[in-house]
Structure formats: structure tokens, C-alpha cells
Amino acid sequence: MTLSPTARWTTGWLLAAAWALSFPLFSALAPHRLWGWCAAAGYLGAAAATAVGRRRAALAAALLGAVAVPLLWLVLTGQGQSEVTVIERSGRLLLDSGRLYVDRPAHVEEYTPYLPGMALLGVPRALFGGDGSGDGWVVRLLGDARIWCAAALFGCLWAARRLLGGGPGGGRGGGPGGGPGRLLPVLVASPVVALPLTVSGVDLPLAGLCCLALAAAASGRPVLTGAALAGACALKWTALPAVAVAVALLAVLRGGRPGVRCALVAAGGTALLVLPAALLQPAELWRQVFAFPTGRAPVPTPASSPLPGRLLTELGPWGWYLAMGLLLSGGLAVGLSLLARPPRTVVAAADRLALGLTLAFLLAPAGRFGYLALPVLLAVWARSVTVPGVSRVVTGSFRLRPSDGGRPTARNERPGGHFA
């Protein structure tokens, strides 16, 4: 029995509401509980609106309940996960002393497990203030790191869509607002984006820059691809798999030279952004950015969940080495797959990157379920900027034809498969 589109979307909103309700019941974090109540109300309203055929109203209800209301309340009341405070502290330290990390941190709250680029998202707090109860709502809003994390995500997604030739409209389809181009607002309203956007925002800029890098690679822009990758790698070292995937996509579409140029720009840009902090505080960068997330710092990381890598580390030192060995083996397998069968479309590249990140998060010595939102976002985003059922997907000057086995052709293709 096949469900109608209305039944499928109604069921989806109901499942999202059930997921949101689990946070007030089981989470010990106040921001998570608040988000759960607000989001559940929004998703139930979306399910009711979808059932009566009001799909635009359904999307508005989901966005209002899962994003707008809880985000504004948490920002204006100064609540959020500890990541928000960490980012804003880094921005303040950067402006005050040029340093990013607390020397010899003794508590979890003093660790900053991010690379220097993340501190830039905390600079507005230092500039606008907003720490005191007497500050106005505009100051609090403009100073909160979550607002700038969300702005970075949406700015990158907008630029990526423009690169891939997507306009503001989109086709008609079975979604709540139309075709594939309308999947993006649904993605924002879903728990995958709405929860991290509301309570922390820390992974959103990384996700946006990865999407922008893949879009730039698909449209044949090596310098822009490298710049986006450099920005991502300057935020978190988990962005490194994106470099391999984007370079592989660019190389298979444009050739080896653009791929090398992209890799050089990415490496140079990352060094430019990271090297000053590495020279100023080398020990703290290693301790807080690499040792702490992998469970090798003096203070244990609070990231915990029943994922394979985490469970292995609880078995003792040999379990940690086994988890790291499996992690490296998974990365090697994904890297070999890029050589054997490189991705030729945005969807294929996003899926390969999502696979690599999923393996990394599952096998990491210190991981949690929330990290898996990034692979899901990548996979859904790629499908939101492509149109299924057409004979070709246009990316820049390239046309990928399924009938040709995905082989790229272009107006400037030379005999022998080389590009001008």
C-alpha cells in the first residue's frame, strides 16, 4: 500500500513531534527541554495543517515552533549549550590578547576544542556586549554566536544554490512547499538543523562551508572551492574529509590541474588562518583541539554516547588504540573509494562525504549522536539543489548525462577528454 504525499508528510511531522517530545522527558539540559516543548507544538501544528491541505501553513508552523520561538527565547534570556559560551570567550580573548585558548585549563568549561576560525564567530559578543541583564534585546541578539553561526550557514547555502544555477523558486512537487528547491526550508525546520541552530549552532558554519565547497567544485571553480575548504578546516579538523571529496569531484570534472590548484588554496588558506595560533599557543592548540576531543587530555570530554568508538575506549588503553585504528581504516577506505570511483555529481560527492563523516563519528573515541546531524544535512541539501527525473544536471558549463554513464561534457572540451 502506497501512502499519498499528504499522508507521508503528516506522518513525518508527527514523527518529528515525537522526537521533540523525547527531550523534555529524558534530557537533563534546560535548553533542550525548552526546544522540545516548542518544537513539538510546532510539528503537531504542521501535521494538522498538512492533513487539511495547508502545506505552506504547515511549514510556517514548523519553523515558528522549532526555530523562531525557542531561538529568540534562549538568545534573549542568555541560555544555551556550553559551546556558545566557549565560542564567545574565544572571540573575547582574540580581541583582548590575540590568544584563543585558556592556558592550562583545569575544567571542561575552560577547554576550546575548535580551531581559530571559530573564534571569529564569537567576536560580535565582544563588540556588542550583551552579557548583562540590563542590555537591550538588540544587543543580545547581535552579540549571540548562534545568530552568526546561522548566518554563516544560510549565506553559504544561498551562495551554493546560486553556483548550481538554482533560483529562488523551484519546481512543483510532493513536498510541503513544492519541488526539490523547497526541501531546504523543510530541512531547516527539521530536528536535524532546528535543534543545533537553537541550542548551540557550532556545527552549522562547518556544514555550510562544506556545501559551498561541493557546489563550487561541481561548477568548476577551484579557487572558490579551496577558499571554502580553508574556512571549514579552520573551524574544526573534522572538515578534512571534505577536502579529499571536493578535490576528487573537481578533478574528475575539470582535470588534475584545477584539483591541485584547489588543494593548494585550501592548504594555504588553512595555514594562514591556523598558523598564528599554532605558533602562539602550540601546546594548548594540541591539547584542546586534538587531545581533548579524542579523549587524551587530562580532563575527560563530556561527549558520550553508546557509539562503537566510545564503547571501545571504555575497555581500556587498548580499546582506544583499536578505535583509532578502525577510524583510520575507515578514512583510508573512503579515500581509496575516491581514487577507484570518484564522485561525478553533487549528490554523489555529498553522499561520499556523508559516509566518511558518519564512519568518523561512529568510530571516534569520543562521539555523540548529535554529530550525525552533519552527514544528514549534507545528503538532504544535495538533493534539495538538484531536480530528479531530468535528462541532465547542469553545473556551470558542464552537463552530466546519465545516458553517458555520468561522463562530463562541456562546450570547451578538447579532443581526448581535456578541458581548456
# chains A, B, ... in the order shown; residues from 1 in each chain; ligands from 1
>>> residues_around(residues="A:Val376", least_positions_apart="4", cutoff="12 Å", atoms="only C-alpha atoms", output="ChimeraX atom specification")
/A:187-188,190-193,207,350-358,369-372,380-383
>>> residues_around(residues="A:Ser90", least_positions_apart="6", cutoff="7 Å", atoms="only C-alpha atoms", output="NGL selection string")
:A and (100-101 or 119 or 122)
>>> residues_around(residues="stretch 46-55 of chain A", least_positions_apart="4", cutoff="8 Å", atoms="only C-alpha atoms", output="PyMOL selection string")
chain A and resi 6-7+9-14+42+59-62+176-177
>>> write_last_selection(atoms="N, CA, C and O atoms", output="mmCIF file, in the first residue's frame")
data_model
loop_
_atom_site.group_PDB
_atom_site.id
_atom_site.type_symbol
_atom_site.label_atom_id
_atom_site.label_comp_id
_atom_site.auth_asym_id
_atom_site.auth_seq_id
_atom_site.Cartn_x
_atom_site.Cartn_y
_atom_site.Cartn_z
ATOM 1 N N THR A 6 0.344 13.597 1.080
ATOM 2 C CA THR A 6 -0.183 14.228 2.292
ATOM 3 C C THR A 6 -0.002 13.334 3.501
ATOM 4 O O THR A 6 0.415 13.787 4.582
ATOM 5 N N ALA A 7 -0.276 12.041 3.338
ATOM 6 C CA ALA A 7 -0.116 11.107 4.450
ATOM 7 C C ALA A 7 1.345 10.976 4.850
ATOM 8 O O ALA A 7 1.672 10.891 6.051
ATOM 9 N N TRP A 9 3.805 13.239 4.523
ATOM 10 C CA TRP A 9 4.280 14.427 5.209
ATOM 11 C C TRP A 9 3.630 14.580 6.579
ATOM 12 O O TRP A 9 4.287 15.027 7.532
ATOM 13 N N THR A 10 2.364 14.208 6.696
ATOM 14 C CA THR A 10 1.723 14.239 8.010
ATOM 15 C C THR A 10 2.422 13.290 8.975
ATOM 16 O O THR A 10 2.693 13.639 10.130
ATOM 17 N N THR A 11 2.731 12.102 8.487
ATOM 18 C CA THR A 11 3.450 11.136 9.318
ATOM 19 C C THR A 11 4.829 11.657 9.699
ATOM 20 O O THR A 11 5.280 11.490 10.846
ATOM 21 N N GLY A 12 5.511 12.280 8.752
ATOM 22 C CA GLY A 12 6.825 12.831 9.043
ATOM 23 C C GLY A 12 6.788 13.886 10.134
ATOM 24 O O GLY A 12 7.628 13.887 11.049
ATOM 25 N N TRP A 13 5.816 14.793 10.063
ATOM 26 C CA TRP A 13 5.703 15.819 11.101
ATOM 27 C C TRP A 13 5.365 15.197 12.453
ATOM 28 O O TRP A 13 5.866 15.645 13.492
ATOM 29 N N LEU A 14 4.534 14.169 12.457
ATOM 30 C CA LEU A 14 4.196 13.503 13.717
ATOM 31 C C LEU A 14 5.417 12.810 14.319
ATOM 32 O O LEU A 14 5.615 12.835 15.537
ATOM 33 N N GLY A 42 5.113 23.005 17.407
ATOM 34 C CA GLY A 42 5.194 23.407 16.000
ATOM 35 C C GLY A 42 4.988 22.251 15.047
ATOM 36 O O GLY A 42 4.285 22.382 14.033
ATOM 37 N N LEU A 59 4.586 24.393 6.994
ATOM 38 C CA LEU A 59 5.996 24.756 7.064
ATOM 39 C C LEU A 59 6.202 25.951 7.982
ATOM 40 O O LEU A 59 7.159 25.997 8.769
ATOM 41 N N ALA A 60 5.289 26.922 7.915
ATOM 42 C CA ALA A 60 5.396 28.088 8.796
ATOM 43 C C ALA A 60 5.270 27.686 10.258
ATOM 44 O O ALA A 60 6.006 28.188 11.116
ATOM 45 N N ALA A 61 4.367 26.774 10.557
ATOM 46 C CA ALA A 61 4.190 26.325 11.940
ATOM 47 C C ALA A 61 5.438 25.603 12.445
ATOM 48 O O ALA A 61 5.876 25.805 13.587
ATOM 49 N N ALA A 62 6.028 24.768 11.588
ATOM 50 C CA ALA A 62 7.232 24.044 11.993
ATOM 51 C C ALA A 62 8.395 25.002 12.233
ATOM 52 O O ALA A 62 9.130 24.875 13.224
ATOM 53 N N PRO A 176 6.021 19.970 1.094
ATOM 54 C CA PRO A 176 5.073 20.890 1.674
ATOM 55 C C PRO A 176 5.025 22.228 0.987
ATOM 56 O O PRO A 176 4.068 22.970 1.116
ATOM 57 N N GLY A 177 6.063 22.559 0.223
ATOM 58 C CA GLY A 177 6.046 23.830 -0.456
ATOM 59 C C GLY A 177 6.378 23.740 -1.910
ATOM 60 O O GLY A 177 6.477 24.737 -2.590
#
>>> residues_around(residues="stretch 286-290 of chain A", least_positions_apart="3", cutoff="10 Å", atoms="only C-alpha atoms", output="PyMOL selection string")
chain A and resi 101-105+110-116+236-237+278+281-283+293-299
>>> closest_residue(among="A:Leu264, A:Leu93, A:Leu74, A:Cys211", to="A:Val199", atoms="only C-alpha atoms")
A:Leu74
>>> residues_around(residues="A:Leu359", least_positions_apart="5", cutoff="9 Å", atoms="only C-alpha atoms", output="VMD selection string")
chain A and resid 327 330 to 331 354 364
>>> atom_distance(atom1="atom CA of A:Pro70", atom2="atom CA of A:Pro375")
24.1 Å
>>> closest_residue(among="A:Leu184, A:Ser4, A:Gly220, A:Glu109", to="A:Pro300", atoms="only C-alpha atoms")
A:Glu109
>>> atom_distance(atom1="atom CA of A:Thr198", atom2="atom CA of A:Leu71")
4.7 Å
>>> residues_around(residues="A:Gly98", least_positions_apart="4", cutoff="10 Å", atoms="only C-alpha atoms", output="VMD selection string")
chain A and resid 90 to 94 276 to 277 280
>>> select_by_dssp(residues="stretch 26-155 of chain A", states="alpha helix (DSSP H)", output="PyMOL selection string")
chain A and resi 26+30-51+55-63+69-77+82-97+123-128+137-143+145-155
>>> residues_around(residues="A:Leu322", least_positions_apart="5", cutoff="9 Å", atoms="only C-alpha atoms", output="list in words")
Gly309, Leu312, Thr313, Pro317 and Leu327 of chain A
>>> closest_residue(among="A:Leu272, A:Leu253, A:Ala366, A:Leu64", to="A:Phe292", atoms="only C-alpha atoms")
A:Ala366
